[in-house]
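*Asks:* Can you keep this structure in mind? I'll have questions shortly.
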Amino acid sequence: ARILGFWMELGLSGFRVDAVPFLLSGGGTEREEEEHAALTAFCPGADLRLTVLKMPDGRLPAHWEEAKAAVEDLRAGTDPDLVFAPNPADAHQDHRGLAKLVPTVFRGHQALGYEIVKWDGDLGRPSVYQPLTPEVAEAKVTLLQQHYPSQRQRPWYDREAFLGLARIRGIECQARYAEAFYTNKMTLDLAGG
């Protein structure tokens, strides 16, 4: 199976992961190194293909054509089983912009919008949950803390915030911890196959 990942979980040995970081920025900077190290840690054993652009952070609307071309280029080289992108209601303009691009480029693909806790207060009511064991939740927090030093100064970027959100999403789906996602549409194959 091939998975296009903007956000991945642990244990993807044998999978292919094509990734464009959600900000489409950071190319040639320490953020590119950070993204590569994080993706390697979050997707151990996966065949990784990372593309980091040099768009200015916080300016996706002004670079719409470049962003769309980058997502289209990615699509030309992959046919994913699942697409992870930001939540379309994310208050950050770059995240929201990428979330709007994904369904225009990956039209027939299942896409899940992930949430990012931050000062904007834009968390909503997700409809898809992935329960996490306490060990996986802790491992995720540890990896986030290790691999994104550029975010550590942000007041919302800490262990309590990550585990707190995972605990709330766990309560919502009757698990200890969970990640939650948003989707505009979902196709099921109840006959198996």
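Naming scheme: A, B, ... for chains in displayed order of the structure tokens; residues 1 onward per chain; ligands 1 onward as shown.
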Mind running segment 46-98 of chain A against segment 166-184 of chain A at 10 Å and telling me each contacting residue's nearest atom pair with the distance in Å (one decimal), counting only C-alpha atoms, chain and number ascending, as a tab-separated table?
*Replies:*
```
residue	atom	partner	partner_atom	distance
A:Phe84	CA	A:Phe181	CA	9.0
A:Ala85	CA	A:Phe181	CA	9.5
A:Pro86	CA	A:Tyr182	CA	8.8
A:Asn87	CA	A:Tyr182	CA	6.2
A:Pro88	CA	A:Tyr182	CA	8.1
A:Ala89	CA	A:Tyr182	CA	9.3
```
*Asks:* Residues at most 12 Å from segment 61-70 of chain A, counting only C-alpha atoms, excluding those fewer than 3 positions away in the same chain, as a ChimeraX atom specification?
*Replies:* /A:19-25,50-58,73-77,92-106
*Asks:* Include N, CA, C and O atoms and write out the residues we just selected as a short mmCIF file (atom, residue, chain, number, x, y, z; two decimals), in the first residue's frame.
*Replies:*
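The file below, part17.cif, is the result:
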```
data_model
loop_
_atom_site.label_atom_id
_atom_site.label_comp_id
_atom_site.auth_asym_id
_atom_site.auth_seq_id
_atom_site.Cartn_x
_atom_site.Cartn_y
_atom_site.Cartn_z
N ALA A 19 5.47 13.03 1.41
CA ALA A 19 5.06 14.10 2.31
C ALA A 19 5.47 15.46 1.80
O ALA A 19 6.56 15.65 1.29
N VAL A 20 4.54 16.40 1.96
CA VAL A 20 4.80 17.82 1.78
C VAL A 20 4.40 18.44 3.11
O VAL A 20 3.23 18.40 3.47
N PRO A 21 5.35 18.99 3.89
CA PRO A 21 4.97 19.58 5.17
C PRO A 21 3.85 20.61 5.00
O PRO A 21 3.80 21.33 4.01
N PHE A 22 2.97 20.67 5.98
CA PHE A 22 1.74 21.42 5.83
C PHE A 22 1.93 22.91 5.62
O PHE A 22 1.03 23.57 5.13
N LEU A 23 3.08 23.46 5.95
CA LEU A 23 3.29 24.87 5.72
C LEU A 23 3.85 25.16 4.33
O LEU A 23 3.90 26.30 3.91
N LEU A 24 4.28 24.12 3.62
CA LEU A 24 4.89 24.28 2.30
C LEU A 24 6.09 25.23 2.35
O LEU A 24 6.43 25.86 1.36
N SER A 25 6.67 25.36 3.51
CA SER A 25 7.79 26.29 3.66
C SER A 25 8.91 25.64 4.46
O SER A 25 8.73 24.60 5.05
N LEU A 50 10.20 13.12 0.85
CA LEU A 50 9.84 14.40 1.46
C LEU A 50 10.15 15.54 0.51
O LEU A 50 11.23 15.61 -0.06
N THR A 51 9.18 16.44 0.34
CA THR A 51 9.35 17.64 -0.46
C THR A 51 9.11 18.83 0.43
O THR A 51 8.02 18.96 1.00
N VAL A 52 10.09 19.69 0.59
CA VAL A 52 9.94 20.89 1.40
C VAL A 52 10.17 22.08 0.48
O VAL A 52 11.21 22.21 -0.14
N LEU A 53 9.17 22.94 0.39
CA LEU A 53 9.24 24.12 -0.48
C LEU A 53 9.83 25.32 0.26
O LEU A 53 10.03 25.28 1.47
N LYS A 54 10.07 26.39 -0.48
CA LYS A 54 10.65 27.60 0.10
C LYS A 54 9.65 28.75 0.15
O LYS A 54 10.03 29.91 0.13
N MET A 55 8.38 28.43 0.22
CA MET A 55 7.37 29.48 0.32
C MET A 55 7.50 30.17 1.68
O MET A 55 7.81 29.53 2.67
N PRO A 56 7.23 31.48 1.74
CA PRO A 56 7.31 32.16 3.03
C PRO A 56 6.20 31.69 3.97
O PRO A 56 5.04 31.56 3.55
N ASP A 57 6.56 31.45 5.20
CA ASP A 57 5.60 30.99 6.21
C ASP A 57 4.50 32.03 6.40
O ASP A 57 4.77 33.22 6.48
N GLY A 58 3.26 31.56 6.45
CA GLY A 58 2.13 32.44 6.67
C GLY A 58 1.65 33.18 5.44
O GLY A 58 0.84 34.09 5.54
N ASP A 73 2.17 18.31 -8.39
CA ASP A 73 3.40 17.55 -8.69
C ASP A 73 3.48 16.31 -7.82
O ASP A 73 3.87 15.23 -8.29
N LEU A 74 3.14 16.46 -6.56
CA LEU A 74 3.13 15.32 -5.65
C LEU A 74 2.14 14.28 -6.14
O LEU A 74 2.44 13.09 -6.22
N ARG A 75 0.96 14.73 -6.51
CA ARG A 75 -0.08 13.81 -6.98
C ARG A 75 0.36 13.07 -8.25
O ARG A 75 0.05 11.88 -8.43
N ALA A 76 1.08 13.73 -9.11
CA ALA A 76 1.53 13.10 -10.37
C ALA A 76 2.44 11.91 -10.10
O ALA A 76 2.53 11.00 -10.92
N GLY A 77 3.09 11.89 -8.94
CA GLY A 77 4.03 10.82 -8.64
C GLY A 77 3.53 9.78 -7.66
O GLY A 77 4.29 8.91 -7.26
N HIS A 92 -5.19 28.77 10.88
CA HIS A 92 -3.94 29.22 10.25
C HIS A 92 -4.12 29.20 8.74
O HIS A 92 -4.50 28.18 8.16
N GLN A 93 -3.86 30.31 8.08
CA GLN A 93 -4.14 30.43 6.65
C GLN A 93 -3.38 29.42 5.79
O GLN A 93 -3.91 28.95 4.78
N ASP A 94 -2.16 29.07 6.17
CA ASP A 94 -1.41 28.08 5.39
C ASP A 94 -2.02 26.69 5.55
O ASP A 94 -2.18 25.96 4.57
N HIS A 95 -2.36 26.34 6.77
CA HIS A 95 -2.97 25.02 7.01
C HIS A 95 -4.30 24.91 6.28
O HIS A 95 -4.59 23.93 5.59
N ARG A 96 -5.13 25.94 6.44
CA ARG A 96 -6.45 25.96 5.81
C ARG A 96 -6.33 25.92 4.28
O ARG A 96 -7.08 25.22 3.60
N GLY A 97 -5.36 26.65 3.76
CA GLY A 97 -5.17 26.66 2.31
C GLY A 97 -4.79 25.30 1.77
O GLY A 97 -5.33 24.85 0.75
N LEU A 98 -3.86 24.63 2.44
CA LEU A 98 -3.47 23.29 2.01
C LEU A 98 -4.66 22.34 2.12
O LEU A 98 -4.89 21.52 1.23
N ALA A 99 -5.44 22.47 3.18
CA ALA A 99 -6.63 21.62 3.34
C ALA A 99 -7.62 21.81 2.20
O ALA A 99 -8.28 20.87 1.77
N LYS A 100 -7.70 23.02 1.68
CA LYS A 100 -8.60 23.29 0.55
C LYS A 100 -8.04 22.77 -0.77
O LYS A 100 -8.79 22.42 -1.67
N LEU A 101 -6.73 22.71 -0.88
CA LEU A 101 -6.10 22.21 -2.10
C LEU A 101 -6.22 20.69 -2.24
O LEU A 101 -6.40 20.17 -3.35
N VAL A 102 -6.12 19.98 -1.14
CA VAL A 102 -6.06 18.52 -1.18
C VAL A 102 -7.24 17.90 -1.94
O VAL A 102 -7.03 17.10 -2.84
N PRO A 103 -8.50 18.25 -1.64
CA PRO A 103 -9.58 17.59 -2.38
C PRO A 103 -9.68 18.00 -3.84
O PRO A 103 -10.29 17.29 -4.64
N THR A 104 -9.07 19.11 -4.21
CA THR A 104 -9.09 19.50 -5.63
C THR A 104 -8.07 18.73 -6.44
O THR A 104 -8.20 18.61 -7.66
N VAL A 105 -7.05 18.20 -5.77
CA VAL A 105 -5.99 17.46 -6.45
C VAL A 105 -6.15 15.95 -6.24
O VAL A 105 -5.95 15.17 -7.18
N PHE A 106 -6.54 15.55 -5.06
CA PHE A 106 -6.74 14.14 -4.74
C PHE A 106 -8.24 13.86 -4.69
O PHE A 106 -8.82 13.56 -3.66
#
```
*Asks:* To one decimal in Å, tell me the separation between atom CA of Glu33 of chain A and atom CA of His147 of chain A.
*Replies:* 9.4 Å
*Asks:* For atom CA of Ser150 of chain A and atom CA of Lys118 of chain A, quote the distance in Å rounded to one decimal.
*Replies:*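 Between these atoms lies a distance of 14.6 Å.
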*Asks:* Closest to Gly124 of chain A among A:Ala38, A:Met186, A:Arg16, A:Asp90, using only C-alpha atoms?
*Replies:*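 With only C-alpha atoms as the atom set, the closest residue is A:Asp90.
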*Asks:* What are the DSSP alpha helix (DSSP H) residues of chain A, as a PyMOL selection string?
*Replies:* chain A and resi 30-42+64-76+93-105+134-147+159-172
*Asks:* What is the distance, in Å and to one decimal place, between atom CA of Leu39 of chain A and atom CA of Val136 of chain A?
*Replies:*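 According to the coordinates, atom CA of Leu39 of chain A and atom CA of Val136 of chain A are separated by 15.8 Å.
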*Asks:* Could you give me the residues within segment 24-93 of chain A that DSSP places in strand (DSSP E), as a compact mmCIF listing (two decimals) with N, CA, C and O atoms, in the first residue's frame?
*Replies:*
```
# COMPACT_ATOMS: atom_id res chain seq x y z
N ASP A 47 9.34 3.87 3.19
CA ASP A 47 10.03 4.47 2.05
C ASP A 47 9.60 5.93 2.02
O ASP A 47 8.48 6.24 1.62
N LEU A 48 10.47 6.84 2.47
CA LEU A 48 10.11 8.24 2.64
C LEU A 48 10.49 9.08 1.43
O LEU A 48 11.60 8.97 0.92
N ARG A 49 9.58 9.95 1.05
CA ARG A 49 9.83 10.92 -0.02
C ARG A 49 9.30 12.26 0.46
O ARG A 49 8.10 12.47 0.48
N LEU A 50 10.20 13.12 0.85
CA LEU A 50 9.84 14.40 1.46
C LEU A 50 10.15 15.54 0.51
O LEU A 50 11.23 15.61 -0.06
N VAL A 83 -4.87 10.03 2.45
CA VAL A 83 -4.23 11.34 2.46
C VAL A 83 -4.51 12.00 3.81
O VAL A 83 -5.66 12.05 4.26
N PHE A 84 -3.46 12.48 4.47
CA PHE A 84 -3.60 13.26 5.69
C PHE A 84 -3.26 14.70 5.36
O PHE A 84 -2.24 14.97 4.73
N ALA A 85 -4.11 15.61 5.77
CA ALA A 85 -3.90 17.04 5.54
C ALA A 85 -4.47 17.79 6.74
O ALA A 85 -5.17 17.20 7.56
N PRO A 86 -4.21 19.07 6.84
CA PRO A 86 -4.82 19.81 7.95
C PRO A 86 -6.35 19.81 7.84
O PRO A 86 -6.92 19.59 6.78
```
*Asks:* Go through A:Leu165, A:Leu82, A:Ala137, A:Leu144 and flag the residue nearest Leu112 of chain A, using only C-alpha atoms for the distances.
*Replies:*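 Counting only C-alpha atoms, the residue closest to Leu112 of chain A is A:Leu82.
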*Asks:* Please provide the set of residues having any atom within 10 Å of Trp119 of chain A, restricted to only C-alpha atoms, with same-chain residues fewer than 6 positions apart removed, written as a ChimeraX atom specification.
*Replies:* /A:91,154-157
*Asks:* Could you write those residues out with N, CA, C and O atoms, as a PDB file, in the first residue's frame?
*Replies:*
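Result file part37.pdb:
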```pdb
ATOM      1  N   ALA A  91      -7.578  27.570  11.650  1.00  0.00           N
ATOM      2  CA  ALA A  91      -7.522  29.028  11.569  1.00  0.00           C
ATOM      3  C   ALA A  91      -6.250  29.556  10.912  1.00  0.00           C
ATOM      4  O   ALA A  91      -6.228  30.690  10.427  1.00  0.00           O
ATOM      5  N   ARG A 154       6.691  27.904  21.790  1.00  0.00           N
ATOM      6  CA  ARG A 154       5.260  28.204  21.744  1.00  0.00           C
ATOM      7  C   ARG A 154       4.580  27.673  23.018  1.00  0.00           C
ATOM      8  O   ARG A 154       4.814  26.544  23.416  1.00  0.00           O
ATOM      9  N   PRO A 155       3.724  28.480  23.629  1.00  0.00           N
ATOM     10  CA  PRO A 155       3.132  28.065  24.901  1.00  0.00           C
ATOM     11  C   PRO A 155       2.217  26.849  24.805  1.00  0.00           C
ATOM     12  O   PRO A 155       2.012  26.154  25.788  1.00  0.00           O
ATOM     13  N   TRP A 156       1.700  26.559  23.643  1.00  0.00           N
ATOM     14  CA  TRP A 156       0.805  25.417  23.468  1.00  0.00           C
ATOM     15  C   TRP A 156       1.552  24.156  23.066  1.00  0.00           C
ATOM     16  O   TRP A 156       0.950  23.099  22.959  1.00  0.00           O
ATOM     17  N   TYR A 157       2.847  24.247  22.856  1.00  0.00           N
ATOM     18  CA  TYR A 157       3.623  23.110  22.372  1.00  0.00           C
ATOM     19  C   TYR A 157       4.272  22.388  23.543  1.00  0.00           C
ATOM     20  O   TYR A 157       5.468  22.535  23.810  1.00  0.00           O
TER      21      TYR A 157
END
```
